[in-house]
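> Quick one: this structure, given as structure tokens, is what I'll be asking you about.
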Amino acid sequence: MPTPFLSKYHELFDADDLWAAARQSGAVTRERKVDVSALVESSVLAMSGLPGTQTTIFANYIHLTGQTLAPSAFYERFTVPFANLMADVSRRAIAAVRAVEPELRDIDELDGLLQHFADVQVADSSCQMLSKLAAHWAPSTSPERPASFKVHSVISLKDNLPVEHHISPQRDHDSPQLADSALTPGALFLADLGYVGNERLIQLKRRGVHVVMRLKSSQDPRIHSVRIGRGDKRHCRGLKLEEALSTGVLNFKEDRLDVDVVIGARIDGKSVEEVFRVVGIAATDGGEDRYYLTSVPSDVLTPDDVATSYTLRWEIELLWKHLKTGVGLAAIRAWRPAAVFALVHAKITAVALARLLELAAKPATQDHATGQLAIVLALNRAVPMILALRMRGQNVDLAEMERRLLIIATTLGRSRRQRRERARKAKRAAITQDS
């Protein structure tokens with residue numbers, strides 16, 4: 001098998017490598033009260049959709065180690081250095097996917113674009129609610145659910161995995177969260193309206209990043225020249241696009257429009273301009289005409305190619321579905337920033353593992369379609385088997401396995417009773433205060 005999944009899995013969770021990385025990041029020093037390599041692996045395997053990801057991690061950890069720990073001592077391990085360690089693990093997992101031979105990747109629909117561009121990249125964000133205790137650092141826009149964070153990501157459509165990812169409070173605007181450095185020179189960037197203004201457009205073009213986006217109604221650029229369109233092309237020059245279209249000086253030709261326009265902005269205190277293209281696709285079903293702004297030359301993408309390539313933006317929605325439905329992002333109930341950061345990185349790692357599993361299974365499928373979400377869910381369901389396999393490697397017998405099961409049952413049962421008692425006390429206190 002060209003990409004054996006379990007060998008890649010063992011490489012990623014090699015105990016010696018993880019302990020070395022943990023010491024370097026400061027996640028551990030000399031003490032070994034908690035097995036950090038098992039904690040990392042337990043965090044990634046916590047794919048259950050049951051509320052309380054950290055509780056699932058605790059159960060996984062007991063499965064792998066048999067250690068008895070007070071819950072408070074366990075949860076204290078989710079520190080900033082541990083979050084940094086989990087970020088490193090997620091980067092290594094994604095790198096493992098990208099190290100696989102390109103012919104094993106399902107990128108047929110991108111082949112045409114990849115003949116012209118180094119990559120096709122998309123940026124977007126997705127929101128996830130948190131415990132209200134997180135409201136002090138992750139305020140949301142809802143008074144009923146006061147805490148929420150956004151996962152921001154720039155993904156490569158070669159593998160639907162992040163080139164860069166991080167989180168912010170939900171209230172933060174998306175545009176400042178876009179890491180321009182993550183966009184690869186020579187790549188095609190399919191941009192959302194909220195991320196790209198004129199200043200960023202010009203800067204990206206000068207860095208060699210090609211952009212396709214919907215034209216903002218507020219942009220109304222000045223026409224430089226007309227490539228495809230009916231009307232007085234000489235008269236169009238210098239007119240604003242909206243004026244030329246509304247007065248009939250410029251119109252669609254065979255339902256298509258392709259004009260060069262001038263975009264201006266102030267950068268470093270200076271007024272600068274660059275030439276871009278506006279592509280128009282006339283509505284054929286009674287809807288609205290669609291206009292796209294791009295820096296891609298006309299000899300690379302035709303107007304129809306521009307419109308078709310922009311539809312690939314929806315692919316990033318698959319990442320959000322894999323994270324939320326597949327590996328349990330929605331199950332996070334942590335409220336401390338470091339813990340939330342660590343858990344998000346664990347979820348990204350789990351999605352990368354599912355991608356490795358998909359690539360490993362591809363030769364056996366004989367090119368039959370295999371949905372990526374199905375593979376993510378298959379990995380989720382395989383977690384008990386993976387835990388059992390890891391315990392088998394420790395020569396855990398039935399008596400030891402039962403001991404670990406009893407630890408899990410008593411620890412989690414006690415934890416649940418404590419949470420319910422806290423909830424009752426809070427409810428009684430609220431009733432007393434109201435009366």
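Identifiers for the structure tokens are assigned positionally: chains receive A, B, ... in sequence, residues are indexed from 1 per chain, and ligands are indexed from 1 in the order shown.
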A:Val306: which residues within 8 Å, counting only C-alpha atoms, same-chain residues fewer than 3 positions away excluded, as a ChimeraX atom specification?

/A:212,279,292,294,301-303,309-310

> Restricting it to C-alpha atoms, dump the selection as a tab-separated table (two decimals), in the first residue's frame.


```
chain	number	residue	atom	x	y	z
A	212	VAL	CA	-10.62	36.22	-8.39
A	279	VAL	CA	-15.64	40.02	-16.12
A	292	TYR	CA	-16.01	39.40	-11.08
A	294	THR	CA	-9.58	39.55	-11.20
A	301	LEU	CA	-8.69	32.52	-17.94
A	302	THR	CA	-11.61	33.31	-20.22
A	303	PRO	CA	-14.69	35.03	-18.76
A	309	SER	CA	-13.13	29.01	-10.89
A	310	TYR	CA	-14.88	31.28	-8.39
```

> Run DSSP on the backbone and tell me which residues of stretch 222-345 of chain A come out as strand (DSSP E or B); list them as a count of residues only.

42

> Distance table requested - stretch 293-399 of chain A against stretch 119-135 of chain A, cut-off 8 Å, only C-alpha atoms: one row per qualifying residue with the closest atom pair and its distance in Å to one decimal, ordered by chain and rising residue number, as a Markdown table.


```
| residue | atom | partner | partner_atom | distance |
| --- | --- | --- | --- | --- |
| A:Arg313 | CA | A:Val122 | CA | 6.2 |
| A:Ile316 | CA | A:Val122 | CA | 6.8 |
| A:Trp320 | CA | A:Ser126 | CA | 6.9 |
| A:Leu329 | CA | A:Gln128 | CA | 7.8 |
| A:Ala330 | CA | A:Gln128 | CA | 6.6 |
| A:Ile332 | CA | A:Leu130 | CA | 7.1 |
| A:Arg333 | CA | A:Ser131 | CA | 5.8 |
| A:Ala334 | CA | A:Ser131 | CA | 6.7 |
| A:Trp335 | CA | A:Ala134 | CA | 4.6 |
| A:Arg336 | CA | A:Ala134 | CA | 6.4 |
| A:Pro337 | CA | A:Ala134 | CA | 7.7 |
```

> Compile the contact shell of A:Ile281 as a list in words: residues with an atom at most 8 Å away, counting only C-alpha atoms, same-chain residues fewer than 4 positions apart removed.

Asp255, Arg256, Leu257, Asp289, Arg290, Tyr291, Pro303, Asp304 and Ala307 of chain A

> Save the residues we just selected, N, CA and C atoms, as a short mmCIF file (atom, residue, chain, number, x, y, z; two decimals), in the first residue's frame?


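What follows is the written file result33.cif:
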```
data_model
loop_
_atom_site.label_atom_id
_atom_site.label_comp_id
_atom_site.auth_asym_id
_atom_site.auth_seq_id
_atom_site.Cartn_x
_atom_site.Cartn_y
_atom_site.Cartn_z
N ASP A 255 -23.82 37.93 -24.01
CA ASP A 255 -23.96 37.65 -22.58
C ASP A 255 -22.63 37.67 -21.81
N ARG A 256 -21.60 38.27 -22.38
CA ARG A 256 -20.31 38.33 -21.71
C ARG A 256 -19.76 39.75 -21.77
N LEU A 257 -18.95 40.07 -20.75
CA LEU A 257 -18.29 41.37 -20.68
C LEU A 257 -16.88 41.14 -20.15
N ASP A 289 -27.13 39.93 -13.06
CA ASP A 289 -25.86 39.75 -13.75
C ASP A 289 -24.75 39.62 -12.71
N ARG A 290 -23.74 38.82 -13.02
CA ARG A 290 -22.63 38.60 -12.08
C ARG A 290 -21.37 39.28 -12.62
N TYR A 291 -20.68 39.97 -11.71
CA TYR A 291 -19.45 40.67 -12.09
C TYR A 291 -18.31 40.18 -11.18
N PRO A 303 -13.62 34.62 -19.68
CA PRO A 303 -14.69 35.03 -18.76
C PRO A 303 -15.42 33.85 -18.13
N ASP A 304 -15.71 32.81 -18.90
CA ASP A 304 -16.38 31.63 -18.34
C ASP A 304 -15.48 30.91 -17.34
N ALA A 307 -15.61 32.75 -13.98
CA ALA A 307 -16.83 32.46 -13.23
C ALA A 307 -16.82 31.05 -12.66
#
```

> Might you pull out every residue within 8 Å of A:Arg355, with only C-alpha atoms counted and same-chain residues fewer than 2 positions away left off, and present them as a list of chain:residue names?

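Counting only C-alpha atoms, the residues come to A:Val97, A:Asp159, A:Val351, A:Ala352, A:Leu353, A:Leu357, A:Glu358, A:Leu359, A:Gln372, A:Ile375, A:Val376.
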
> Between A:Ala46, A:Ala182, A:Ile348, A:Ala409, which has the minimum distance to A:Lys321 (counting only C-alpha atoms)?

A:Ile348

> State, in Å with one decimal place, the distance from atom CA of A:Gly49 to atom CA of A:His10.

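One can read the atom CA of A:Gly49 to atom CA of A:His10 distance as 24.5 Å.
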
> Which residues of stretch 220-292 of chain A come within 8 Å of stretch 185-198 of chain A, and for each one, what is the closest pair of atoms and their distance in Å to one decimal, counting only C-alpha atoms, sorted by chain and residue number, as a tab-separated table?


```
residue	atom	partner	partner_atom	distance
A:Ile263	CA	A:Asn198	CA	6.7
A:Gly264	CA	A:Asn198	CA	6.6
A:Ala265	CA	A:Asn198	CA	5.8
```
